[in-house]
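Colleague: One structure coming up, written as structure tokens, with questions to follow.
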Amino acid sequence: MQDRALVAAIVAGDPGGLAEAYDRYAAALYAYCRFMLPDPRPPAAAADAVADTFIVAAAKLPGLRDPDQLRPWLHAVARNECLRQLGPVAPAGAAGLDDAIPEVSLPADLRERVLAEGADNTPAGRARRVSVAHRAGPFGPTGFPKPVIPPGPRWWHEVRRHPRVAAAVAAAAAAVVVAGITGGPHRARAATVALGGSTFETSAAASSPAGGPPSPTRKPTPAAGASGASMSPADAPTASPSMSPSPAPARSSPSPSRSPSPSPSPSPSPSPTPGTLRVSPNQLALSAIRGKPASGRFILTAVGGPVDFLIHSPNAKVTVSPPSGSLGSAGSWVTVTVTVRSLVAVSAHIIVDPGNVVVTVVFTIRA
């Protein structure tokens with residue numbers, strides 16, 4: 001069976017299509033995931049990534065524009081699953097589709113697990129598939145998943161992608177600071193120019209030859225708090241004949257040590273660490289007379305930092321409000337209202353992300 005026919009079978013819900021796709025590509029996907037998730041991570045982490053890849057395939061393959069691209073599509077999904085597990089320590093780059101990757105043996109029970117999860121129609125099984133498919137993130141117009149970007153500020157990703165350039169810039173910045181402290185204004189200005197910056201104004205005393213008069217085009221700038229308006233008449237020089245010429249007091253010419261020196265640009269502040277969600281309660285028991293809706297509530301609380309949340313209800317008879325939102329800081333919370341409209345009893349699972357938290361809703365009809 002060609003890839004195009006495999007995709008059609010999986011989209012149609014044929015278990016045989018998923019089984020054949022597994023037999024054809026699971027070994028290569030597992031070897032790739034083991035390469036991306038090396039020791040000391042357990043082999044089960046790679047097995048989880050492969051199993052979730054096939055769950056995403058069953059949900060997202062209808063959007064693949066070119067069904068003949070099944071192999072690279074599965075590879076892209078598996079790569080995102082591995083990067084999601086790695087989190088902040090994810091590498092700046094990843095192995096390519098045709099890179100040499102050592103072969104490894106598939107776990108004996110992985111095939112049975114993948115096929116069982118694809119056919120599990122219990123509420124918990126359906127809820128898990130919905131959660132994994134939602135966690136896979138957005139897909140582009142061609143149907144391929146958009147790459148997962150590890151958390152952290154953009155400047156940190158650039159440092160990780162180009163470590164040698166970042167090290168060179170850091171060394172040059174350190175040289176500027178040292179030059180400004182130990183070498184006086186001229187070395188500081190030279191160091192700034194060497195980094196590609198512009199020159200800056202220095203005081204008249206620093207720009208004139210040693211012992212000579214200040215340059216006529218550059219007047220010394222008085223230190224803060226020493227302006228002419230604040231001088232008393234006793235401090236001002238007079239034209240008395242008895243006063244012999246003497247060099248200007250040292251305080252009238254600024255010290256070279258006060259010459260401006262460049263300071264390193266402040267580093268961007270890192271993004272706040274994202275938090276997790278706490279749900280209370282995680283089970284709602286609702287009841288109503290036939291034909292009437294029933295409502296209940298649970299509370300989402302941010303733990304450890306800000307959280308953007310998304311709530312999904314696989315059952316159309318169970319709705320939530322609000323379905324998504326943001327908790328701006330640790331300790332902030334929101335009340336979520338769950339409403340059931342059904343003529344029969346309902347048992348449903350609501351999925352709260354991030355964290356794949358399950359809230360169970362049990363609805364019964366009162367006599």
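We label chains A, B, ... in the order they appear in the structure tokens, count residues from 1 in each chain, and number ligands from 1 in the order shown.
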Which residues are close to Lys146 of chain A, i.e. within 9 Å by only C-alpha atoms, leaving aside same-chain residues fewer than 5 positions away? Reply as a ChimeraX atom specification.

Modeller: /A:76-77,80,137-140

Colleague: Based on the selection just made, write N, CA, C and O atoms of those residues as a short mmCIF file (atom, residue, chain, number, x, y, z; two decimals), in the first residue's frame.

Modeller:
data_model
loop_
_atom_site.label_atom_id
_atom_site.label_comp_id
_atom_site.auth_asym_id
_atom_site.auth_seq_id
_atom_site.Cartn_x
_atom_site.Cartn_y
_atom_site.Cartn_z
N ALA A 76 8.22 14.91 11.48
CA ALA A 76 8.06 16.25 12.05
C ALA A 76 7.23 16.21 13.33
O ALA A 76 7.53 16.91 14.31
N VAL A 77 6.19 15.38 13.35
CA VAL A 77 5.38 15.26 14.56
C VAL A 77 6.20 14.65 15.69
O VAL A 77 6.17 15.12 16.84
N ASN A 80 8.57 17.17 17.26
CA ASN A 80 7.90 18.08 18.20
C ASN A 80 7.60 17.39 19.52
O ASN A 80 7.72 18.00 20.60
N GLY A 137 -0.27 21.18 19.06
CA GLY A 137 -0.08 22.57 18.63
C GLY A 137 -0.61 22.83 17.23
O GLY A 137 -1.25 21.98 16.61
N PRO A 138 -0.31 24.01 16.70
CA PRO A 138 -0.85 24.40 15.39
C PRO A 138 -0.13 23.70 14.24
O PRO A 138 1.03 23.32 14.33
N PHE A 139 -0.87 23.55 13.13
CA PHE A 139 -0.33 22.97 11.90
C PHE A 139 -0.43 24.02 10.80
O PHE A 139 -1.37 24.82 10.77
N GLY A 140 0.54 24.02 9.90
CA GLY A 140 0.59 25.02 8.84
C GLY A 140 -0.37 24.72 7.70
O GLY A 140 -1.08 23.71 7.70
#

Colleague: Using only C-alpha atoms, can you tell me which of A:Trp73, A:Tyr30, A:Trp333, A:Phe35 comes closest to Val50 of chain A?

Modeller: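 Using only C-alpha atoms, Val50 of chain A sits closest to A:Tyr30.
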
Colleague: Atom CA of Ser280 of chain A to atom CA of Thr301 of chain A: how many Å, to one decimal?

Modeller: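 Answer for the atom CA of Ser280 of chain A to atom CA of Thr301 of chain A separation: 8.4 Å.
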
Colleague: How many Å separate atom CA of Ile55 of chain A from atom CA of Glu117 of chain A?

Modeller: 7.7 Å

Colleague: Which of these, A:Leu74, A:Ala46, A:Val132, A:Val357, has the shortest distance to Leu110 of chain A once you count only C-alpha atoms?

Modeller: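 For Leu110 of chain A, the nearest of the candidates is A:Ala46.
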
Colleague: Mind checking which residues fall within 12 Å of Ala51 of chain A, counting only C-alpha atoms, ignoring those fewer than 5 positions away in the same chain, and posting them as an mmCIF file with C-alpha atoms, in the first residue's frame?

Modeller:
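Listing of result-v2.cif after writing:
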data_model
loop_
_atom_site.group_PDB
_atom_site.id
_atom_site.type_symbol
_atom_site.label_atom_id
_atom_site.label_comp_id
_atom_site.auth_asym_id
_atom_site.auth_seq_id
_atom_site.Cartn_x
_atom_site.Cartn_y
_atom_site.Cartn_z
ATOM 1 C CA LEU A 18 -2.806 2.546 11.348
ATOM 2 C CA TYR A 22 3.177 1.453 12.322
ATOM 3 C CA TYR A 25 7.617 3.598 10.041
ATOM 4 C CA ALA A 26 7.634 2.818 13.771
ATOM 5 C CA ALA A 27 11.195 1.415 13.841
ATOM 6 C CA LEU A 29 10.564 6.843 14.422
ATOM 7 C CA TYR A 30 11.588 5.030 17.600
ATOM 8 C CA CYS A 33 13.161 9.499 19.333
ATOM 9 C CA ALA A 44 9.898 4.587 27.733
ATOM 10 C CA ALA A 45 10.183 8.320 26.956
ATOM 11 C CA ALA A 46 10.900 7.532 23.294
ATOM 12 C CA VAL A 56 -1.712 12.794 16.410
ATOM 13 C CA ALA A 57 -1.655 11.073 12.995
ATOM 14 C CA ALA A 58 -5.176 9.717 13.456
ATOM 15 C CA LEU A 74 5.406 11.612 10.919
ATOM 16 C CA VAL A 77 5.376 15.259 14.560
ATOM 17 C CA ALA A 78 7.799 12.946 16.409
ATOM 18 C CA GLU A 81 6.907 15.393 20.703
ATOM 19 C CA CYS A 82 10.574 14.932 21.676
ATOM 20 C CA LEU A 106 11.415 -1.564 19.171
ATOM 21 C CA PRO A 107 9.814 -2.368 22.546
ATOM 22 C CA ASP A 109 4.629 -4.179 23.499
ATOM 23 C CA LEU A 110 4.681 -0.841 21.654
ATOM 24 C CA ARG A 111 2.694 -2.042 18.607
ATOM 25 C CA GLU A 112 -0.079 -3.457 20.781
ATOM 26 C CA ARG A 113 -0.153 -0.232 22.800
ATOM 27 C CA VAL A 114 -0.448 2.009 19.716
ATOM 28 C CA LEU A 115 -3.270 -0.046 18.194
ATOM 29 C CA ALA A 116 -5.103 -0.331 21.527
ATOM 30 C CA GLU A 117 -4.950 3.432 22.147
ATOM 31 C CA GLY A 118 -6.237 4.102 18.639
ATOM 32 C CA ARG A 128 -6.556 11.131 26.057
ATOM 33 C CA ARG A 129 -6.600 11.232 22.251
ATOM 34 C CA VAL A 132 -2.651 14.610 22.802
ATOM 35 C CA ALA A 133 -3.980 16.009 19.526
#

Colleague: Counting only C-alpha atoms, which of A:Leu310, A:Met1, A:Leu70, A:Ile101 gets nearest to Gly355 of chain A?

Modeller: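 Of A:Leu310, A:Met1, A:Leu70, A:Ile101, the one nearest Gly355 of chain A is A:Leu310, counting only C-alpha atoms.
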
Colleague: For Ala21 of chain A, list every protein, DNA or RNA residue within 9 Å, evaluated using only C-alpha atoms, and leave out those in the same chain fewer than 4 positions away; present the list as a list of chain:residue names.

Modeller: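 So, after excluding close chain neighbours, the residues are A:Asp3, A:Leu6, A:Val7, A:Ile10, A:Gly16, A:Gly17, A:Tyr25, A:Ala26, A:Phe54.
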
Colleague: For the residues in the current selection, export N, CA and C atoms as a compact mmCIF listing (two decimals), in the first residue's frame.

Modeller:
# COMPACT_ATOMS: atom_id res chain seq x y z
N ASP A 3 1.83 5.35 0.40
CA ASP A 3 1.56 6.28 1.49
C ASP A 3 0.22 6.99 1.31
N LEU A 6 -2.35 4.73 2.51
CA LEU A 6 -2.25 4.61 3.97
C LEU A 6 -2.94 5.78 4.66
N VAL A 7 -2.68 6.98 4.16
CA VAL A 7 -3.29 8.17 4.76
C VAL A 7 -4.80 8.10 4.64
N ILE A 10 -6.14 5.68 7.27
CA ILE A 10 -6.10 6.22 8.63
C ILE A 10 -7.18 7.27 8.82
N GLY A 16 -6.63 -1.15 10.16
CA GLY A 16 -5.58 -1.75 9.33
C GLY A 16 -4.62 -0.71 8.77
N GLY A 17 -5.11 0.50 8.47
CA GLY A 17 -4.24 1.55 7.96
C GLY A 17 -3.24 1.99 9.02
N TYR A 25 6.83 2.44 9.60
CA TYR A 25 7.62 3.60 10.04
C TYR A 25 7.98 3.61 11.53
N ALA A 26 7.41 2.73 12.33
CA ALA A 26 7.63 2.82 13.77
C ALA A 26 9.10 2.61 14.15
N PHE A 54 1.44 8.61 16.65
CA PHE A 54 0.38 7.92 15.91
C PHE A 54 -1.00 8.39 16.35

Colleague: Please return as a PyMOL selection string: the residues of segment 23-64 of chain A that backbone DSSP assigns to alpha helix (DSSP H).

Modeller: chain A and resi 23-36+43-60

Colleague: Next, write the just-selected residues to a file, as an mmCIF file, in the first residue's frame, keeping C-alpha atoms as the atom set.

Modeller:
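Listing of again_28.cif after writing:
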data_model
loop_
_atom_site.group_PDB
_atom_site.id
_atom_site.type_symbol
_atom_site.label_atom_id
_atom_site.label_comp_id
_atom_site.auth_asym_id
_atom_site.auth_seq_id
_atom_site.Cartn_x
_atom_site.Cartn_y
_atom_site.Cartn_z
ATOM 1 C CA ASP A 23 4.827 -1.578 10.699
ATOM 2 C CA ARG A 24 6.374 0.621 8.024
ATOM 3 C CA TYR A 25 7.617 3.598 10.041
ATOM 4 C CA ALA A 26 7.634 2.818 13.771
ATOM 5 C CA ALA A 27 11.195 1.415 13.841
ATOM 6 C CA ALA A 28 12.672 4.548 12.232
ATOM 7 C CA LEU A 29 10.564 6.843 14.422
ATOM 8 C CA TYR A 30 11.588 5.030 17.600
ATOM 9 C CA ALA A 31 15.286 5.173 16.663
ATOM 10 C CA TYR A 32 14.930 8.902 16.001
ATOM 11 C CA CYS A 33 13.161 9.499 19.333
ATOM 12 C CA ARG A 34 15.840 7.531 21.208
ATOM 13 C CA PHE A 35 18.453 9.717 19.504
ATOM 14 C CA MET A 36 16.568 12.876 20.569
ATOM 15 C CA PRO A 43 13.537 4.183 26.682
ATOM 16 C CA ALA A 44 9.898 4.587 27.733
ATOM 17 C CA ALA A 45 10.183 8.320 26.956
ATOM 18 C CA ALA A 46 10.900 7.532 23.294
ATOM 19 C CA ALA A 47 8.082 4.943 23.266
ATOM 20 C CA ASP A 48 5.683 7.603 24.604
ATOM 21 C CA ALA A 49 6.730 10.003 21.848
ATOM 22 C CA VAL A 50 6.111 7.360 19.155
ATOM 23 C CA ALA A 51 2.718 6.380 20.607
ATOM 24 C CA ASP A 52 1.641 10.032 20.761
ATOM 25 C CA THR A 53 2.847 10.531 17.172
ATOM 26 C CA PHE A 54 0.384 7.919 15.911
ATOM 27 C CA ILE A 55 -2.415 9.420 18.032
ATOM 28 C CA VAL A 56 -1.712 12.794 16.410
ATOM 29 C CA ALA A 57 -1.655 11.073 12.995
ATOM 30 C CA ALA A 58 -5.176 9.717 13.456
ATOM 31 C CA ALA A 59 -6.432 13.212 14.374
ATOM 32 C CA LYS A 60 -4.423 15.514 12.109
#

Colleague: Counting only C-alpha atoms, what is within 8 Å of Ser295 of chain A, bar same-chain residues fewer than 4 positions away, as a list of chain:residue names?

Modeller: A:Leu286, A:Thr337, A:Val338, A:Thr339, A:Val340

Colleague: Tell me which protein, DNA and RNA residues are within 6 Å of Gly275 of chain A, counting only C-alpha atoms, leaving out same-chain ones fewer than 6 positions away, and put them as a list in words.

Modeller: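 Contacts, in chain order: Val303, Gly304, Gly305, Pro306 and Val307 of chain A.
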
Colleague: Within 8 Å of Ala127 of chain A, counting only C-alpha atoms, which residues show up once you throw out same-chain ones fewer than 6 positions away? Write them as a PyMOL selection string, please.

Modeller: chain A and resi 314+349-351

Colleague: Identify which of the residues A:Gln85, A:Ser287, A:Asn282, A:Ser347 lies closest to Val148 of chain A, counting only C-alpha atoms when measuring atom-to-atom distances.

Modeller: A:Gln85

Colleague: Which residue, A:Thr142, A:Gly328, A:Arg4, A:Ser105, has the smallest gap to Leu64 of chain A when you use only C-alpha atoms?

Modeller: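 Nearest to Leu64 of chain A: A:Thr142.
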